[in-house]
$ cat input_12.pdb   # PDB, C-alpha atoms
ATOM      1  CA  MET L   1      30.013  18.284   4.852
ATOM      2  CA  GLU L   2      26.389  18.766   5.862
ATOM      3  CA  ARG L   3      25.251  18.481   2.246
ATOM      4  CA  SER L   4      27.204  15.230   1.824
ATOM      5  CA  ARG L   5      25.600  13.785   4.947
ATOM      6  CA  VAL L   6      22.115  14.725   3.695
ATOM      7  CA  VAL L   7      22.790  13.112   0.315
ATOM      8  CA  GLN L   8      24.005   9.937   2.004
ATOM      9  CA  GLU L   9      20.946   9.848   4.252
ATOM     10  CA  ARG L  10      18.705  10.125   1.196
ATOM     11  CA  ARG L  11      20.546   7.283  -0.525
ATOM     12  CA  TRP L  12      20.082   4.958   2.461
ATOM     13  CA  HIS L  13      16.438   5.991   2.719
ATOM     14  CA  ARG L  14      15.880   5.156  -0.947
ATOM     15  CA  LEU L  15      17.681   1.833  -0.558
ATOM     16  CA  ARG L  16      15.537   0.940   2.431
ATOM     17  CA  GLN L  17      12.414   1.931   0.499
ATOM     18  CA  GLY L  18      13.569  -0.194  -2.429
ATOM     19  CA  ILE L  19      14.051  -3.234  -0.195
ATOM     20  CA  ALA L  20      10.633  -2.753   1.386
ATOM     21  CA  LEU L  21       8.945  -2.335  -2.009
ATOM     22  CA  ALA L  22      10.694  -5.439  -3.359
ATOM     23  CA  LEU L  23       9.492  -7.499  -0.398
ATOM     24  CA  CYS L  24       5.941  -6.158  -0.776
ATOM     25  CA  ALA L  25       6.005  -6.924  -4.494
ATOM     26  CA  ALA L  26       7.183 -10.471  -3.772
ATOM     27  CA  ILE L  27       4.375 -11.004  -1.263
ATOM     28  CA  VAL L  28       1.772  -9.617  -3.698
ATOM     29  CA  LEU L  29       3.159 -11.838  -6.457
ATOM     30  CA  VAL L  30       2.843 -14.905  -4.256
ATOM     31  CA  VAL L  31      -0.726 -14.025  -3.287
ATOM     32  CA  VAL L  32      -1.947 -13.043  -6.765
ATOM     33  CA  ALA L  33       0.012 -15.161  -9.224
ATOM     34  CA  THR L  34       0.620 -18.523  -7.547
ATOM     35  CA  PRO L  35      -1.560 -21.440  -6.473
ATOM     36  CA  LEU L  36      -0.246 -20.974  -2.953
ATOM     37  CA  GLY L  37      -1.744 -17.488  -2.827
ATOM     38  CA  THR L  38      -5.096 -18.857  -3.965
ATOM     39  CA  GLN L  39      -5.079 -21.440  -1.182
ATOM     40  CA  LEU L  40      -4.072 -18.859   1.426
ATOM     41  CA  LEU L  41      -6.963 -16.607   0.357
ATOM     42  CA  LYS L  42      -9.345 -19.551   0.655
ATOM     43  CA  LEU L  43      -7.962 -20.270   4.116
ATOM     44  CA  VAL L  44      -8.664 -16.656   5.131
ATOM     45  CA  GLN L  45     -12.224 -16.927   3.836
ATOM     46  CA  ASP L  46     -12.757 -20.350   5.421
ATOM     47  CA  PRO L  47     -10.499 -21.007   8.469
ATOM     48  CA  ASN L  48     -10.898 -24.786   8.121
ATOM     49  CA  PRO L  49      -7.272 -26.010   7.771
ATOM     50  CA  GLU L  50      -8.043 -29.426   6.228
ATOM     51  CA  PRO L  51      -8.305 -28.256   2.566
ATOM     52  CA  PHE L  52      -5.046 -26.336   2.945
ATOM     53  CA  GLU L  53      -3.286 -29.363   4.467
ATOM     54  CA  GLN L  54      -4.570 -31.544   1.621
ATOM     55  CA  TRP L  55      -3.294 -29.049  -0.918
ATOM     56  CA  LEU L  56       0.118 -28.988   0.777
ATOM     57  CA  SER L  57       0.260 -32.786   0.656
ATOM     58  CA  ALA L  58      -0.566 -32.750  -3.054
ATOM     59  CA  HIS L  59       1.944 -29.979  -3.827
ATOM     60  CA  ALA L  60       4.739 -30.840  -1.442
ATOM     61  CA  SER L  61       7.365 -29.520  -3.859
ATOM     62  CA  TRP L  62       6.223 -25.955  -3.118
ATOM     63  CA  VAL L  63       6.805 -26.235   0.622
ATOM     64  CA  PRO L  64      10.638 -26.392   0.709
ATOM     65  CA  LEU L  65      10.947 -23.467  -1.718
ATOM     66  CA  LEU L  66       8.474 -21.384   0.287
ATOM     67  CA  LEU L  67      10.274 -22.084   3.566
ATOM     68  CA  ILE L  68      13.677 -21.273   2.046
ATOM     69  CA  VAL L  69      12.342 -17.942   0.746
ATOM     70  CA  CYS L  70      10.906 -17.179   4.193
ATOM     71  CA  MET L  71      14.243 -17.961   5.845
ATOM     72  CA  ILE L  72      16.024 -15.578   3.463
ATOM     73  CA  MET L  73      13.419 -12.869   4.092
ATOM     74  CA  HIS L  74      14.015 -13.401   7.811
ATOM     75  CA  THR L  75      17.272 -11.470   7.349
ATOM     76  CA  LEU L  76      15.327  -8.276   6.617
ATOM     77  CA  VAL L  77      11.912  -8.945   8.149
ATOM     78  CA  PRO L  78      11.315 -10.145  11.748
ATOM     79  CA  LEU L  79       9.869 -13.536  10.835
ATOM     80  CA  PRO L  80       9.949 -16.174  13.622
ATOM     81  CA  ALA L  81      12.616 -18.558  12.331
ATOM     82  CA  GLU L  82      11.959 -21.114  15.086
ATOM     83  CA  LEU L  83       8.320 -21.369  14.010
ATOM     84  CA  LEU L  84       9.450 -21.873  10.417
ATOM     85  CA  ALA L  85      11.683 -24.722  11.570
ATOM     86  CA  ILE L  86       8.847 -26.336  13.519
ATOM     87  CA  ALA L  87       6.561 -25.957  10.486
ATOM     88  CA  ALA L  88       9.210 -27.598   8.305
ATOM     89  CA  GLY L  89       9.328 -30.579  10.655
ATOM     90  CA  MET L  90       5.542 -30.866  10.635
ATOM     91  CA  MET L  91       5.160 -30.674   6.848
ATOM     92  CA  LEU L  92       8.372 -32.267   5.541
ATOM     93  CA  GLY L  93       9.541 -34.600   8.275
ATOM     94  CA  PRO L  94      12.840 -34.486  10.160
ATOM     95  CA  ALA L  95      15.282 -35.105   7.284
ATOM     96  CA  ARG L  96      13.779 -32.930   4.520
ATOM     97  CA  GLY L  97      12.709 -30.326   7.049
ATOM     98  CA  PHE L  98      16.217 -30.059   8.455
ATOM     99  CA  LEU L  99      17.820 -29.756   5.008
ATOM    100  CA  THR L 100      15.301 -27.103   3.936
ATOM    101  CA  ILE L 101      15.785 -24.902   7.003
ATOM    102  CA  TRP L 102      19.560 -25.379   6.932
ATOM    103  CA  VAL L 103      19.779 -24.242   3.298
ATOM    104  CA  GLY L 104      17.476 -21.271   3.938
ATOM    105  CA  ALA L 105      19.431 -20.245   7.033
ATOM    106  CA  MET L 106      22.742 -20.402   5.166
ATOM    107  CA  LEU L 107      21.435 -18.280   2.292
ATOM    108  CA  GLY L 108      20.016 -15.769   4.785
ATOM    109  CA  ALA L 109      23.333 -15.691   6.651
ATOM    110  CA  TYR L 110      25.193 -14.975   3.410
ATOM    111  CA  LEU L 111      22.786 -12.122   2.640
ATOM    112  CA  GLY L 112      23.319 -10.468   6.034
ATOM    113  CA  PHE L 113      27.098 -10.902   5.869
ATOM    114  CA  PHE L 114      27.191  -9.584   2.282
ATOM    115  CA  LEU L 115      25.073  -6.521   3.110
ATOM    116  CA  THR L 116      27.419  -5.558   5.937
ATOM    117  CA  ARG L 117      30.549  -6.082   3.867
ATOM    118  CA  SER L 118      29.066  -4.141   0.933
ATOM    119  CA  PHE L 119      27.224  -1.237   2.574
ATOM    120  CA  GLY L 120      28.855  -0.924   5.987
ATOM    121  CA  TYR L 121      27.613   0.391   9.289
ATOM    122  CA  ASP L 122      25.363   3.145   7.925
ATOM    123  CA  LEU L 123      23.008   0.569   6.432
ATOM    124  CA  MET L 124      23.178  -1.881   9.305
ATOM    125  CA  ARG L 125      22.215   0.691  11.921
ATOM    126  CA  ARG L 126      18.957   1.084   9.992
ATOM    127  CA  LEU L 127      18.277  -2.641   9.742
ATOM    128  CA  ALA L 128      19.334  -3.699  13.247
ATOM    129  CA  ASN L 129      19.296  -2.392  16.799
ATOM    130  CA  ARG L 130      22.474  -0.307  17.097
ATOM    131  CA  LYS L 131      23.195  -0.991  20.770
ATOM    132  CA  ARG L 132      22.703  -4.739  20.452
ATOM    133  CA  LEU L 133      24.821  -4.796  17.299
ATOM    134  CA  GLN L 134      27.669  -2.902  19.003
ATOM    135  CA  ARG L 135      27.517  -5.188  22.043
ATOM    136  CA  LEU L 136      27.617  -8.290  19.859
ATOM    137  CA  GLN L 137      30.601  -6.907  17.972
ATOM    138  CA  GLY L 138      32.421  -6.610  21.300
ATOM    139  CA  TRP L 139      31.938 -10.327  21.935
ATOM    140  CA  MET L 140      33.361 -11.331  18.580
ATOM    141  CA  ASN L 141      36.380  -9.078  18.152
ATOM    142  CA  ARG L 142      38.683 -12.098  18.205
ATOM    143  CA  THR L 143      36.490 -14.209  15.862
ATOM    144  CA  ASP L 144      38.153 -17.412  17.085
ATOM    145  CA  ILE L 145      36.551 -20.690  16.031
ATOM    146  CA  PRO L 146      35.063 -21.795  19.411
ATOM    147  CA  LEU L 147      33.395 -18.399  19.793
ATOM    148  CA  LEU L 148      32.031 -18.432  16.235
ATOM    149  CA  LEU L 149      30.529 -21.869  16.854
ATOM    150  CA  ALA L 150      29.206 -21.063  20.335
ATOM    151  CA  VAL L 151      27.344 -17.921  19.272
ATOM    152  CA  ARG L 152      25.222 -20.081  16.929
ATOM    153  CA  LEU L 153      24.118 -22.352  19.782
ATOM    154  CA  VAL L 154      22.218 -19.716  21.749
ATOM    155  CA  PRO L 155      18.853 -19.014  20.068
ATOM    156  CA  VAL L 156      18.206 -15.908  22.187
ATOM    157  CA  ILE L 157      21.108 -14.213  20.383
ATOM    158  CA  SER L 158      19.662 -12.975  17.103
ATOM    159  CA  PHE L 159      20.892 -15.065  14.177
ATOM    160  CA  ASN L 160      20.723 -12.033  11.901
ATOM    161  CA  LEU L 161      22.603  -9.770  14.312
ATOM    162  CA  VAL L 162      25.426 -12.323  14.424
ATOM    163  CA  ASN L 163      25.644 -12.274  10.625
ATOM    164  CA  PHE L 164      25.630  -8.462  10.569
ATOM    165  CA  ALA L 165      28.197  -8.173  13.351
ATOM    166  CA  LEU L 166      30.582 -10.655  11.750
ATOM    167  CA  GLY L 167      30.535  -8.575   8.584
ATOM    168  CA  PHE L 168      32.366  -5.841  10.500
ATOM    169  CA  THR L 169      35.136  -8.183  11.631
ATOM    170  CA  THR L 170      38.107  -9.579   9.719
ATOM    171  CA  VAL L 171      36.649 -13.086   9.581
ATOM    172  CA  SER L 172      37.028 -14.624   6.118
ATOM    173  CA  TRP L 173      34.135 -15.795   3.954
ATOM    174  CA  TRP L 174      35.365 -19.378   4.302
ATOM    175  CA  ARG L 175      35.521 -19.292   8.112
ATOM    176  CA  PHE L 176      32.136 -17.584   8.236
ATOM    177  CA  THR L 177      30.698 -20.282   5.946
ATOM    178  CA  TRP L 178      31.877 -23.405   7.713
ATOM    179  CA  THR L 179      31.390 -22.171  11.282
ATOM    180  CA  THR L 180      27.847 -21.063  10.422
ATOM    181  CA  ALA L 181      27.123 -24.322   8.581
ATOM    182  CA  VAL L 182      28.300 -26.423  11.533
ATOM    183  CA  GLY L 183      27.109 -24.124  14.308
ATOM    184  CA  ILE L 184      23.443 -24.020  13.237
ATOM    185  CA  ILE L 185      23.110 -27.815  13.005
ATOM    186  CA  PRO L 186      22.189 -28.539  16.676
ATOM    187  CA  VAL L 187      19.503 -25.861  17.049
ATOM    188  CA  THR L 188      18.082 -26.570  13.587
ATOM    189  CA  ALA L 189      17.919 -30.318  14.239
ATOM    190  CA  ALA L 190      16.263 -29.776  17.637
ATOM    191  CA  THR L 191      13.573 -27.348  16.436
ATOM    192  CA  VAL L 192      12.764 -29.284  13.267
ATOM    193  CA  GLY L 193      12.637 -32.471  15.342
ATOM    194  CA  MET L 194      10.137 -30.824  17.685
ATOM    195  CA  GLY L 195       7.887 -30.041  14.741
ATOM    196  CA  ALA L 196       8.200 -33.548  13.318
ATOM    197  CA  HIS L 197       7.186 -35.171  16.626
ATOM    198  CA  LEU L 198       4.524 -32.803  17.959
ATOM    199  CA  HIS L 199       2.104 -35.719  18.407
ATOM    200  CA  ASN L 200       4.624 -37.883  20.275
ATOM    201  CA  TRP L 201       5.114 -36.314  23.688
ATOM    202  CA  ARG L 202       8.094 -38.528  24.544
ATOM    203  CA  MET L 203      10.052 -37.538  21.437
ATOM    204  CA  LEU L 204       8.915 -33.943  21.847
ATOM    205  CA  LEU L 205      10.316 -33.974  25.369
ATOM    206  CA  VAL L 206      13.614 -35.392  24.090
ATOM    207  CA  PHE L 207      14.012 -32.701  21.424
ATOM    208  CA  THR L 208      12.948 -29.950  23.839
ATOM    209  CA  ALA L 209      15.526 -31.123  26.367
ATOM    210  CA  SER L 210      18.131 -31.318  23.598
ATOM    211  CA  ALA L 211      17.397 -27.738  22.544
ATOM    212  CA  LEU L 212      17.738 -26.526  26.132
ATOM    213  CA  GLY L 213      20.963 -28.485  26.552
ATOM    214  CA  VAL L 214      22.439 -26.957  23.385
ATOM    215  CA  MET L 215      21.467 -23.475  24.542
ATOM    216  CA  VAL L 216      22.998 -23.927  27.995
ATOM    217  CA  GLY L 217      26.177 -25.392  26.497
ATOM    218  CA  GLY L 218      26.471 -22.528  24.034
ATOM    219  CA  TYR L 219      25.879 -19.955  26.769
ATOM    220  CA  TYR L 220      28.561 -21.541  28.971
ATOM    221  CA  LEU L 221      31.068 -21.584  26.110
ATOM    222  CA  LEU L 222      30.306 -17.960  25.296
ATOM    223  CA  ARG L 223      30.939 -16.987  28.910
ATOM    224  CA  ARG L 224      34.298 -18.736  28.751
ATOM    225  CA  ARG L 225      35.404 -17.398  25.375
ATOM    226  CA  SER L 226      34.038 -13.858  25.145
ATOM    227  CA  GLU L 227      35.947 -10.889  26.513
ATOM    228  CA  VAL L 228      32.750  -8.916  27.151
ATOM    229  CA  PRO L 229      30.485 -10.237  29.954
ATOM    230  CA  LEU L 230      27.130 -11.646  28.825
TER
END

$ encode --input "input_12.pdb" --output "structure tokens"
Amino acid sequence: MERSRVVQERRWHRLRQGIALALCAAIVLVVVATPLGTQLLKLVQDPNPEPFEQWLSAHASWVPLLLIVCMIMHTLVPLPAELLAIAAGMMLGPARGFLTIWVGAMLGAYLGFFLTRSFGYDLMRRLANRKRLQRLQGWMNRTDIPLLLAVRLVPVISFNLVNFALGFTTVSWWRFTWTTAVGIIPVTAATVGMGAHLHNWRMLLVFTASALGVMVGGYYLLRRRSEVPL
């Protein structure tokens, strides 16, 4: 029994090392082998942002792909997803920025859900905070539709933890897909809109108020639908 546990621990350790090495290799590849890496190195050497902004304007096709990759990596690495959404609004505008972040968030959600369904709790307790994950599971034991939608409206509840926790429930792939796709629309639209209108304080105020309204509404619905107190 003890030997089996040690072998399992070693397997999870190797898997975690493999994931970390793959992410490091991807970062090195971006820095060394792509034009984006060259521009980032120049930006480090010379902090003047204008050349980098000009390069982004001339190579706008790179930006959506980069942001989507970052959103997927957000599942395993603590990247600030809200900042990525604001950056998408700044660089791509409200429509393209929203679509880019939405696609990246969906792919990241699938990855988290798949990892839980495939590897189970032993892996997840190494990738996520165990106590927070257990508490979130308690909220979503019923996995009814209003609760699945509401949990996506509160940004302070980790997007990745929700994906991990739902992997332990009986929710189907289809229900997970459409409730995630619909549930992330309000917060994504609000944060991308903030980035797209940073220089217009009136619109920025509107999107900020919208984001707060969505969060309060989601929190209220969670209080009504969850069996475990928030």

$ closest_residue --input "input_12.pdb" --among "L:Pro51, L:Pro186, L:Gly167, L:Gly217" --to "Phe114 in chain L" --atoms "only C-alpha atoms"
L:Gly167

$ closest_residue --input "input_12.pdb" --among "L:Leu148, L:Leu212, L:Leu84, L:Met194" --to "Arg175 in chain L" --atoms "only C-alpha atoms"
L:Leu148

$ atom_distance --input "input_12.pdb" --atom1 "CA of Asn163 in chain L" --atom2 "CA of Phe113 in chain L"
5.2 Å

$ atom_distance --input "input_12.pdb" --atom1 "CA of Leu147 in chain L" --atom2 "CA of Ala211 in chain L"
18.7 Å

$ resolve_selection --input "input_12.pdb" --expression "the PyMOL selection byres ((chain L and resi 105-109) around 6)" --output "count of residues only"
11

$ resolve_selection --input "input_12.pdb" --expression "the PyMOL selection byres ((chain L and resi 64-67) around 9)" --output "PDB file with C-alpha atoms, in the coordinates of the input"
ATOM      1  CA  ALA L  60       4.739 -30.840  -1.442  1.00  0.00           C
ATOM      2  CA  SER L  61       7.365 -29.520  -3.859  1.00  0.00           C
ATOM      3  CA  TRP L  62       6.223 -25.955  -3.118  1.00  0.00           C
ATOM      4  CA  VAL L  63       6.805 -26.235   0.622  1.00  0.00           C
ATOM      5  CA  ILE L  68      13.677 -21.273   2.046  1.00  0.00           C
ATOM      6  CA  VAL L  69      12.342 -17.942   0.746  1.00  0.00           C
ATOM      7  CA  CYS L  70      10.906 -17.179   4.193  1.00  0.00           C
ATOM      8  CA  MET L  71      14.243 -17.961   5.845  1.00  0.00           C
ATOM      9  CA  ILE L  72      16.024 -15.578   3.463  1.00  0.00           C
ATOM     10  CA  LEU L  84       9.450 -21.873  10.417  1.00  0.00           C
ATOM     11  CA  ALA L  85      11.683 -24.722  11.570  1.00  0.00           C
ATOM     12  CA  ALA L  87       6.561 -25.957  10.486  1.00  0.00           C
ATOM     13  CA  ALA L  88       9.210 -27.598   8.305  1.00  0.00           C
ATOM     14  CA  LEU L  92       8.372 -32.267   5.541  1.00  0.00           C
ATOM     15  CA  ARG L  96      13.779 -32.930   4.520  1.00  0.00           C
ATOM     16  CA  GLY L  97      12.709 -30.326   7.049  1.00  0.00           C
ATOM     17  CA  THR L 100      15.301 -27.103   3.936  1.00  0.00           C
ATOM     18  CA  ILE L 101      15.785 -24.902   7.003  1.00  0.00           C
ATOM     19  CA  GLY L 104      17.476 -21.271   3.938  1.00  0.00           C
TER      20      GLY L 104
END
